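A.B. asks: Before I ask anything, let me first share the structure, which is written out below as structure tokens.
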Amino acid sequence: MAASMFRFTGCLMRAQRAVPTIRTFSSCLPLGQKLPASLWKLGRLNHVAIAVPDLEKARTLYQDVLGAQVSETVPLPEHGVYTVFVELGNTKLELLHPLGTDSPIAGFLRKNKTGGMHHICIEVDDIKAAIASLKERNIRILSEEPKIGAHGKPVVFLHPKDCDGVLVEFEEA
């Protein structure tokens, strides 16, 4: 009896080791829902946006101290921000500063006095298809229609409560 129990336990232990580990990653979609590949495609990380209380100080840090290539400051009145892009080779940082007191970045900085990460931007190949697909899955989009973003391309933001607490921007590639 003990020998057969040992053989059974040994087989069970080997069987448990042979089972591959399946890892899941969090996404903006509820568990078990997958996007049809034919509608739209998620692309590369375009940038990580950082809200800064002092735009010139931040420009100086990245350009003069860290040696990065830094763009000129660009006002985007439709979004209520000034932007500066820091080139990193494989992606960019977007430095955001409020343009007016009603700016969403002004509100963010009231809560986070020293600034901090604001959002991530991911490219999509078809922003209209992405919006329609996500709405069908009850992912909230923060505007009814895409707006033109800092790169001159259509963008939308997904509600952070639907994306694990992260404000996600989609930009059409």
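Each chain in the structure tokens gets a letter, A, B, ..., in the order shown, and its residues are numbered from 1; ligands are numbered from 1 in order too.
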May I have the residues within 7 Å of range 51-67 of chain A as a VMD selection string, using only C-alpha atoms and disregarding those fewer than 5 positions away in the same chain?
C.D. replies: chain A and resid 95 to 97 105 109 114 to 118
A.B. asks: Env of range 75-91 of chain A: 9 Å cut, atoms = only C-alpha atoms, seq-sep filter 3 positions within chain, self excluded. Answer as a PyMOL selection string.
C.D. replies: chain A and resi 44-48+55+59+62-63+68-72+94-106+147-150
A.B. asks: Give me, as a PyMOL selection string, all polymer residues having an atom no more than 6 Å from range 162-172 of chain A, counting only C-alpha atoms and skipping those fewer than 3 positions away in the same chain.
C.D. replies: chain A and resi 28+119-125+127+139+154-159
A.B. asks: Expressed in Å to a single decimal, how great is the separation between CA of Trp40 in chain A and CA of Glu144 in chain A?
C.D. replies: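 Straight-line distance from CA of Trp40 in chain A to CA of Glu144 in chain A works out to 18.5 Å.
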A.B. asks: Can you tell me how far CA of Arg137 in chain A sits from CA of Ala49 in chain A, in Å to one decimal?
C.D. replies: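 We find that CA of Arg137 in chain A and CA of Ala49 in chain A lie 26.0 Å from each other.
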A.B. asks: With DSSP run on the backbone, what are the helix (DSSP H, G or I) residues within range 67-133 of chain A? I'd like them as a list in words.
C.D. replies: Pro104, Ile105, Ala106, Gly107, Phe108, Leu109, Arg110, Lys111, Ile127, Lys128, Ala129, Ala130, Ile131, Ala132 and Ser133 of chain A
